[in-house]
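K.L.:
Just passing along the structure, written as structure tokens.
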Amino acid sequence: MSYVRNVKDILLREEMMKEGEKLLYCCDICKKSFSRRGNLTTHECISTGEKPYYCNDCGKSFAANSTLKTHKCSHTGEKQYHCDICGKTFPGFSKLTTHKRIHTGEKPYHCDICGKSFTQKGSVTTHKRLHTGEKPSYCDICGKSFTQKSSLTTHKRLHTGEKPYHCDVCGKSFTEKGILATHVRLHTGEKPYDCDICGKSFTQKGSLTAHMHLHTGEKPYHCDICGRSFARNLALSIHKRIHTGEKPYHCDICDKSFSQKDILTTHKRLHTGEEPYHCDICGKSFTQKGSLTTHKHLHTGEEPYHCDVCGKSFTQKVSLTTHTRIHTGEKPYQCDICGKSFTQKGSLTKHKRIHTGEKPYHCDICGKSFTEKGSLATHVRLHTGEKPYHCDICGKSFTQKGSLATHTRLHTGEKPYQCDICGKSFALNDTLIKHKLIHTGEETHP
């Protein structure tokens with residue numbers, strides 16, 4: 001029956017082409033017209049949600065037979081369409097056509113609101129939703145909505161735990177194909193995105209875009225709550241969690257929650273004991289890459305972060321940020337119990353233990369507990385006799401770095417602590433505090 005219908009269509013088409021008429025097939029629902037019956041059939045399937053074409057290998061269904069044929073190539077690995085410029089191959093002709101626009105620079109699809117151009121029609125549709133605010137794809141588990149169906153599919157894997165994309169080299173699995181492609185570059189060393197200003201290369205296009213903002217100073221992503229600006233959209237998303245209190249990443253061992261996935265990954269290493277980053281100079285291992293980078297500065301003596309106010313240099317960016325607050329007087333971390341403010345989040349955490357009485361760090365030798373990890377490390381040296389900090393001038397050793405710094409001032413004569421009332425200087429902060437009591441009348445001269 002379908003054969004007879006197809007023959008009639010061909011004969012009718014030939015007859016009308018001879019008469020110079022344009023053959024149109026109209027959709028009864030939206031009145032859209034098509035020059036081919038097959039295109040109308042596909043369009044109707046999309047409107048009704050019908051997917052009559054099934055893949056025999058995985059059972060997935062499609063609205064168009066051509067889409068099914070392209071999909072089947074993912075099982076066979078067949079890529080019959082070749083780019084004659086770079087040689088890259090594709091399973092479908094439409095994908096090849098889209099790819100070629102990278103070489104030609106052609107962007108035939110335009111947004112009629114802001115004028116931005118795109119290589120694909122679907123990209124315009126998705127882009128327009130930024131203007132309209134439309135998010136038609138909803139998660140039936142948590143209710144979150146998305147501008148793209150593909151974003152919803154990826155999101156759902158957070159609920160199901162599905163990671164369908166696997167690395168052939170190390171076996172690691174991922175929720176997105178793009179993340180796998182980026183990961184593979186860790187093995188190959190490929191960095192295809194180059195900065196045309198300084199020549200630095202990157203594994204991801206987004207990383208290059210964010211890097212370029214360092215040259216331009218541009219921070220196009222703004223927080224609508226506090227007004228702070230960011231070079232990357234991801235950084236803005238993470239920042240907003242400070243305001244919302246959202247911590248979407250949960251540790252399945254201790255139930256602790258985190259605002260960032262990489263912080264969760266680092267946290268889990270406390271449970272597993274994993275320290276994947278190794279110093280090639282002394283062999284010391286670390287849970288974070290940043291900690292290794294900072295540690296290496298001890299060997300090289302490098303202090304790449306400089307204070308614009310006083311010129312002091314630091315091995316870590318976070319140390320510079322904290323130091324700068326000495327000049328600005330900023331103390332952004334406030335205790336919700338007594339109202340005391342601090343320049344560092346870690347200082348606030350330690351302070352709160354005064355109120356709670358918590359002492360989470362325990363000595364395995366004598367059982368004594370401490371509020372700070374550093375205090376425990378110093379205490380353990382009383383048992384071991386270790387004194388890792390040595391004076392370069394007289395060779396005397398100390399259990400704490402601060403004790404060495406204080407001792408060194410005996411040799412140098414440095415007195416960095418100055419009284420703001422009489423101008424007298426001291427080598428120790430404690431001595432300055434006692435001296436000030438003379439001015440307040442709490443202590444008299446000996």
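Labels used: A, B, ... for chains in the order of the structure tokens, numbers from 1 for residues in each chain, and numbers from 1 for ligands as shown.
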I'd like the neighbourhood of Leu234 of chain A as a list in words, where a residue qualifies if any of its atoms comes within 12 Å (using only C-alpha atoms), though same-chain residues fewer than 5 positions away should be ignored.

P.N.:
Gly206, Ser207, Ala210, Pro220, Tyr221, His222, Cys223, Ser229, His239, Lys240, Arg241, Gln260 and Lys261 of chain A

K.L.:
Lys284 of chain A: which residues within 12 Å, counting only C-alpha atoms, same-chain residues fewer than 5 positions away excluded, as a list in words?

P.N.:
Glu275, Pro276, Tyr277, His278, Cys279, Ser291, Leu292, Thr293, His295, Lys296 and His299 of chain A

K.L.:
Can you work out which one of A:Gly178, A:Pro91, A:Gly329, A:Gly227 has the shortest atom-to-atom distance to Thr203 of chain A, counting only C-alpha atoms?

P.N.:
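Of A:Gly178, A:Pro91, A:Gly329, A:Gly227, the one nearest Thr203 of chain A, counting only C-alpha atoms, is A:Gly178.
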
K.L.:
Could you name the residues that touch segment 62-79 of chain A at 6 Å or less, counting only C-alpha atoms, but leaving out those on the same chain fewer than 4 positions away, as a PDB file with all heavy atoms, in the first residue's frame?

P.N.:
```pdb
ATOM      1  N   THR A  42       7.928  13.266   9.137  1.00  0.00           N
ATOM      2  CA  THR A  42       8.864  13.454  10.250  1.00  0.00           C
ATOM      3  C   THR A  42       8.388  14.573  11.168  1.00  0.00           C
ATOM      4  O   THR A  42       8.415  14.443  12.401  1.00  0.00           O
ATOM      5  CB  THR A  42      10.273  13.785   9.726  1.00  0.00           C
ATOM      6  OG1 THR A  42      10.737  12.698   8.917  1.00  0.00           O
ATOM      7  CG2 THR A  42      11.253  14.017  10.867  1.00  0.00           C
ATOM      8  N   CYS A  45       5.554  13.479  13.366  1.00  0.00           N
ATOM      9  CA  CYS A  45       6.020  12.610  14.456  1.00  0.00           C
ATOM     10  C   CYS A  45       6.593  13.425  15.612  1.00  0.00           C
ATOM     11  O   CYS A  45       6.400  13.093  16.785  1.00  0.00           O
ATOM     12  CB  CYS A  45       7.083  11.634  13.940  1.00  0.00           C
ATOM     13  SG  CYS A  45       6.432  10.338  12.876  1.00  0.00           S
ATOM     14  N   LYS A  51       7.667   8.094  17.804  1.00  0.00           N
ATOM     15  CA  LYS A  51       9.015   7.717  17.366  1.00  0.00           C
ATOM     16  C   LYS A  51       8.955   6.304  16.795  1.00  0.00           C
ATOM     17  O   LYS A  51       9.252   5.320  17.478  1.00  0.00           O
ATOM     18  CB  LYS A  51      10.006   7.790  18.532  1.00  0.00           C
ATOM     19  CG  LYS A  51      10.232   9.204  19.058  1.00  0.00           C
ATOM     20  CD  LYS A  51      11.230   9.222  20.201  1.00  0.00           C
ATOM     21  CE  LYS A  51      11.495  10.647  20.695  1.00  0.00           C
ATOM     22  NZ  LYS A  51      12.477  10.680  21.799  1.00  0.00           N
ATOM     23  N   TYR A  53      10.723   4.723  14.520  1.00  0.00           N
ATOM     24  CA  TYR A  53      11.935   4.057  14.031  1.00  0.00           C
ATOM     25  C   TYR A  53      12.795   3.609  15.210  1.00  0.00           C
ATOM     26  O   TYR A  53      13.269   4.432  15.999  1.00  0.00           O
ATOM     27  CB  TYR A  53      12.719   5.003  13.113  1.00  0.00           C
ATOM     28  CG  TYR A  53      11.910   5.475  11.926  1.00  0.00           C
ATOM     29  CD1 TYR A  53      11.297   6.734  11.949  1.00  0.00           C
ATOM     30  CD2 TYR A  53      11.727   4.661  10.812  1.00  0.00           C
ATOM     31  CE1 TYR A  53      10.526   7.173  10.871  1.00  0.00           C
ATOM     32  CE2 TYR A  53      10.961   5.095   9.726  1.00  0.00           C
ATOM     33  CZ  TYR A  53      10.354   6.337   9.763  1.00  0.00           C
ATOM     34  OH  TYR A  53       9.599   6.755   8.720  1.00  0.00           O
ATOM     35  N   THR A  89      36.111  12.753  10.179  1.00  0.00           N
ATOM     36  CA  THR A  89      34.982  11.984   9.647  1.00  0.00           C
ATOM     37  C   THR A  89      33.766  12.079  10.574  1.00  0.00           C
ATOM     38  O   THR A  89      33.901  12.265  11.786  1.00  0.00           O
ATOM     39  CB  THR A  89      35.353  10.508   9.480  1.00  0.00           C
ATOM     40  OG1 THR A  89      35.827   9.990  10.729  1.00  0.00           O
ATOM     41  CG2 THR A  89      36.446  10.342   8.443  1.00  0.00           C
ATOM     42  N   PHE A  90      32.582  11.900   9.992  1.00  0.00           N
ATOM     43  CA  PHE A  90      31.319  12.041  10.714  1.00  0.00           C
ATOM     44  C   PHE A  90      30.329  10.973  10.275  1.00  0.00           C
ATOM     45  O   PHE A  90      30.350  10.529   9.119  1.00  0.00           O
ATOM     46  CB  PHE A  90      30.721  13.434  10.474  1.00  0.00           C
ATOM     47  CG  PHE A  90      31.623  14.548  10.918  1.00  0.00           C
ATOM     48  CD1 PHE A  90      32.589  15.062  10.053  1.00  0.00           C
ATOM     49  CD2 PHE A  90      31.540  15.051  12.195  1.00  0.00           C
ATOM     50  CE1 PHE A  90      33.445  16.071  10.462  1.00  0.00           C
ATOM     51  CE2 PHE A  90      32.392  16.069  12.617  1.00  0.00           C
ATOM     52  CZ  PHE A  90      33.344  16.578  11.750  1.00  0.00           C
ATOM     53  N   PRO A  91      29.426  10.563  11.204  1.00  0.00           N
ATOM     54  CA  PRO A  91      28.447   9.530  10.849  1.00  0.00           C
ATOM     55  C   PRO A  91      27.296  10.048   9.985  1.00  0.00           C
ATOM     56  O   PRO A  91      26.631   9.281   9.308  1.00  0.00           O
ATOM     57  CB  PRO A  91      27.930   9.064  12.217  1.00  0.00           C
ATOM     58  CG  PRO A  91      28.132  10.232  13.121  1.00  0.00           C
ATOM     59  CD  PRO A  91      29.363  10.917  12.625  1.00  0.00           C
ATOM     60  N   GLY A  92      27.027  11.355  10.040  1.00  0.00           N
ATOM     61  CA  GLY A  92      25.916  11.924   9.278  1.00  0.00           C
ATOM     62  C   GLY A  92      26.337  13.121   8.450  1.00  0.00           C
ATOM     63  O   GLY A  92      27.268  13.856   8.815  1.00  0.00           O
TER      64      GLY A  92
END
```

K.L.:
Tell me which protein, DNA and RNA residues are within 8 Å of Pro388 of chain A, counting only C-alpha atoms, leaving out same-chain ones fewer than 6 positions away, and put them as a count of residues only.

P.N.:
4

K.L.:
Got a sec: who's within 9 Å of Glu176 of chain A, counting only C-alpha atoms, leaving out chain neighbours fewer than 2 positions off, as a ChimeraX atom specification?

P.N.:
/A:154,163-165,174,178-181

K.L.:
Going by DSSP on the backbone, which bits of segment 246-307 of chain A are strand (DSSP E)? Write them as a ChimeraX atom specification, please.

P.N.:
/A:249-250,257-258,277-278,285-286,305-306

K.L.:
Quick one: write out the picked residues with all heavy atoms as a CSV table (one decimal), in the first residue's frame?

P.N.:
```
chain,number,residue,atom,x,y,z
A,249,TYR,N,26.9,18.7,46.9
A,249,TYR,CA,27.8,17.6,46.8
A,249,TYR,C,27.9,16.9,48.2
A,249,TYR,O,28.4,17.6,49.2
A,249,TYR,CB,29.1,18.0,46.2
A,249,TYR,CG,28.9,18.6,44.9
A,249,TYR,CD1,29.0,20.0,44.7
A,249,TYR,CD2,28.7,17.8,43.8
A,249,TYR,CE1,28.8,20.6,43.5
A,249,TYR,CE2,28.5,18.4,42.5
A,249,TYR,CZ,28.6,19.8,42.4
A,249,TYR,OH,28.4,20.4,41.2
A,250,HIS,N,27.5,15.7,48.3
A,250,HIS,CA,27.5,15.0,49.6
A,250,HIS,C,28.5,13.8,49.7
A,250,HIS,O,28.6,13.1,48.8
A,250,HIS,CB,26.0,14.5,49.9
A,250,HIS,CG,25.0,15.5,49.6
A,250,HIS,ND1,24.7,16.5,50.5
A,250,HIS,CD2,24.1,15.6,48.6
A,250,HIS,CE1,23.7,17.2,50.1
A,250,HIS,NE2,23.3,16.8,48.9
A,257,SER,N,28.4,17.8,53.6
A,257,SER,CA,28.1,18.4,52.3
A,257,SER,C,29.0,19.5,51.9
A,257,SER,O,29.5,20.2,52.8
A,257,SER,CB,26.6,18.9,52.3
A,257,SER,OG,25.8,17.8,52.6
A,258,PHE,N,29.1,19.8,50.6
A,258,PHE,CA,30.0,20.8,50.1
A,258,PHE,C,29.4,21.5,48.9
A,258,PHE,O,28.5,21.0,48.2
A,258,PHE,CB,31.3,20.1,49.6
A,258,PHE,CG,32.0,19.4,50.7
A,258,PHE,CD1,31.7,18.1,51.0
A,258,PHE,CD2,32.9,20.0,51.5
A,258,PHE,CE1,32.3,17.4,52.0
A,258,PHE,CE2,33.6,19.3,52.6
A,258,PHE,CZ,33.3,18.0,52.8
A,277,TYR,N,49.2,13.6,44.6
A,277,TYR,CA,50.1,14.5,44.0
A,277,TYR,C,51.5,14.5,44.8
A,277,TYR,O,51.5,14.7,46.0
A,277,TYR,CB,49.5,15.9,44.1
A,277,TYR,CG,48.2,16.1,43.4
A,277,TYR,CD1,47.0,16.0,44.1
A,277,TYR,CD2,48.2,16.1,42.0
A,277,TYR,CE1,45.8,16.1,43.5
A,277,TYR,CE2,47.0,16.2,41.3
A,277,TYR,CZ,45.8,16.2,42.1
A,277,TYR,OH,44.6,16.2,41.4
A,278,HIS,N,52.5,14.1,44.0
A,278,HIS,CA,53.9,13.9,44.7
A,278,HIS,C,54.9,14.9,44.2
A,278,HIS,O,55.0,15.3,43.1
A,278,HIS,CB,54.3,12.5,44.2
A,278,HIS,CG,53.3,11.4,44.5
A,278,HIS,ND1,53.0,10.9,45.7
A,278,HIS,CD2,52.5,10.7,43.6
A,278,HIS,CE1,52.0,10.0,45.6
A,278,HIS,NE2,51.7,9.9,44.3
A,285,SER,N,53.9,13.8,49.6
A,285,SER,CA,52.6,13.6,48.8
A,285,SER,C,51.6,14.5,49.4
A,285,SER,O,51.6,14.9,50.6
A,285,SER,CB,52.2,12.2,48.9
A,285,SER,OG,53.1,11.3,48.3
A,286,PHE,N,50.6,14.9,48.5
A,286,PHE,CA,49.5,15.8,48.9
A,286,PHE,C,48.2,15.4,48.3
A,286,PHE,O,48.1,14.7,47.3
A,286,PHE,CB,49.9,17.2,48.4
A,286,PHE,CG,51.1,17.8,48.9
A,286,PHE,CD1,52.3,17.5,48.3
A,286,PHE,CD2,51.2,18.5,50.1
A,286,PHE,CE1,53.6,18.0,48.8
A,286,PHE,CE2,52.3,19.0,50.6
A,286,PHE,CZ,53.5,18.7,50.0
A,305,TYR,N,53.3,35.9,44.4
A,305,TYR,CA,52.1,36.8,44.7
A,305,TYR,C,52.6,38.0,45.5
A,305,TYR,O,53.1,37.8,46.6
A,305,TYR,CB,51.0,36.0,45.4
A,305,TYR,CG,50.5,34.8,44.6
A,305,TYR,CD1,51.0,33.6,44.9
A,305,TYR,CD2,49.7,35.0,43.5
A,305,TYR,CE1,50.6,32.5,44.2
A,305,TYR,CE2,49.3,33.9,42.7
A,305,TYR,CZ,49.7,32.6,43.1
A,305,TYR,OH,49.4,31.6,42.3
A,306,HIS,N,52.4,39.2,45.0
A,306,HIS,CA,53.0,40.4,45.6
A,306,HIS,C,51.9,41.4,46.1
A,306,HIS,O,50.9,41.6,45.4
A,306,HIS,CB,53.9,41.1,44.6
A,306,HIS,CG,54.9,40.2,44.0
A,306,HIS,ND1,56.0,39.7,44.7
A,306,HIS,CD2,55.0,39.7,42.7
A,306,HIS,CE1,56.7,39.0,43.9
A,306,HIS,NE2,56.1,38.9,42.7
```

K.L.:
Please list as a ChimeraX atom specification every residue within 12 Å of Leu186 of chain A, counting only C-alpha atoms and excluding residues in the same chain fewer than 3 positions away.

P.N.:
/A:167,169-170,179-183,189-191,202-204

K.L.:
Residues of the last selection are to be written out with C-alpha atoms, as a PDB file, in the first residue's frame.

P.N.:
```pdb
ATOM      1  CA  CYS A 167      37.957   6.284  29.258  1.00  0.00           C
ATOM      2  CA  VAL A 169      43.043   4.379  28.955  1.00  0.00           C
ATOM      3  CA  CYS A 170      42.265   4.350  32.706  1.00  0.00           C
ATOM      4  CA  ILE A 179      33.985  15.768  29.996  1.00  0.00           C
ATOM      5  CA  LEU A 180      35.394  12.455  28.734  1.00  0.00           C
ATOM      6  CA  ALA A 181      37.004  14.221  25.753  1.00  0.00           C
ATOM      7  CA  THR A 182      38.624  16.755  28.112  1.00  0.00           C
ATOM      8  CA  HIS A 183      39.778  13.966  30.445  1.00  0.00           C
ATOM      9  CA  GLY A 189      48.800  15.874  26.702  1.00  0.00           C
ATOM     10  CA  GLU A 190      46.815  17.590  23.943  1.00  0.00           C
ATOM     11  CA  LYS A 191      45.998  21.281  24.537  1.00  0.00           C
ATOM     12  CA  PHE A 202      44.492  24.825  27.323  1.00  0.00           C
ATOM     13  CA  THR A 203      42.615  21.523  27.160  1.00  0.00           C
ATOM     14  CA  GLN A 204      39.199  23.237  27.210  1.00  0.00           C
TER      15      GLN A 204
END
```

K.L.:
As a PyMOL selection string, please: every residue in segment 272-442 of chain A that DSSP puts in alpha helix (DSSP H).

P.N.:
chain A and resi 272+289-300+317-328+345-356+373-384+401-412+429-440

K.L.:
Enter the distance from atom CA of Thr384 of chain A to atom CA of Ser403 of chain A, in Å, rounded to one decimal.

P.N.:
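According to the coordinates, atom CA of Thr384 of chain A and atom CA of Ser403 of chain A are separated by 17.7 Å.
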
K.L.:
Using Å and a single decimal, report how far atom CA of His411 of chain A sits from atom CA of Glu302 of chain A.

P.N.:
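According to the coordinates, atom CA of Glu302 of chain A and atom CA of His411 of chain A are separated by 24.2 Å.
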
K.L.:
For Ile263 of chain A, find every residue with an atom within 12 Å (counting only C-alpha atoms), except residues of its own chain fewer than 2 positions away, and show them as an NGL selection string.

P.N.:
:A and (238 or 247-251 or 256-261 or 265-270 or 287-288)

K.L.:
May I have the selected residues written with C-alpha atoms, as a PDB file, in the first residue's frame?

P.N.:
```
ATOM      1  CA  ILE A 238      29.732  28.548  42.928  1.00  0.00           C
ATOM      2  CA  LYS A 247      25.733  22.407  49.223  1.00  0.00           C
ATOM      3  CA  PRO A 248      24.772  19.913  46.503  1.00  0.00           C
ATOM      4  CA  TYR A 249      27.758  17.571  46.846  1.00  0.00           C
ATOM      5  CA  HIS A 250      27.451  14.996  49.631  1.00  0.00           C
ATOM      6  CA  CYS A 251      30.055  12.651  51.115  1.00  0.00           C
ATOM      7  CA  LYS A 256      29.179  16.060  55.123  1.00  0.00           C
ATOM      8  CA  SER A 257      28.071  18.397  52.293  1.00  0.00           C
ATOM      9  CA  PHE A 258      30.018  20.787  50.080  1.00  0.00           C
ATOM     10  CA  SER A 259      29.315  23.627  47.663  1.00  0.00           C
ATOM     11  CA  GLN A 260      31.879  22.410  45.093  1.00  0.00           C
ATOM     12  CA  LYS A 261      32.530  18.993  43.591  1.00  0.00           C
ATOM     13  CA  THR A 265      36.784  14.979  46.000  1.00  0.00           C
ATOM     14  CA  THR A 266      39.560  16.415  48.188  1.00  0.00           C
ATOM     15  CA  HIS A 267      37.532  15.725  51.351  1.00  0.00           C
ATOM     16  CA  LYS A 268      37.041  12.062  50.444  1.00  0.00           C
ATOM     17  CA  ARG A 269      40.816  11.628  50.448  1.00  0.00           C
ATOM     18  CA  LEU A 270      40.715  12.213  54.222  1.00  0.00           C
ATOM     19  CA  THR A 287      45.761  15.475  48.514  1.00  0.00           C
ATOM     20  CA  GLN A 288      45.497  18.620  46.347  1.00  0.00           C
TER      21      GLN A 288
END
```

K.L.:
Please compute the atom CA of Gly87 of chain A-atom CA of Pro192 of chain A distance, one decimal, in Å.

P.N.:
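Taking atom CA of Gly87 of chain A and atom CA of Pro192 of chain A, their separation equals 16.7 Å.
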
K.L.:
How close does each residue of segment 235-337 of chain A get to segment 349-367 of chain A, giving the shortest atom pair and distance in Å to one decimal for every residue with an atom at most 12 Å away, counting only C-alpha atoms, sorted by chain and residue number, as JSON lines?

P.N.:
```
{"residue": "A:Tyr333", "atom": "CA", "partner": "A:Thr349", "partner_atom": "CA", "distance": 9.4}
{"residue": "A:Gln334", "atom": "CA", "partner": "A:Thr349", "partner_atom": "CA", "distance": 10.0}
{"residue": "A:Cys335", "atom": "CA", "partner": "A:Lys352", "partner_atom": "CA", "distance": 7.1}
{"residue": "A:Asp336", "atom": "CA", "partner": "A:Lys352", "partner_atom": "CA", "distance": 9.0}
{"residue": "A:Ile337", "atom": "CA", "partner": "A:His355", "partner_atom": "CA", "distance": 7.9}
```
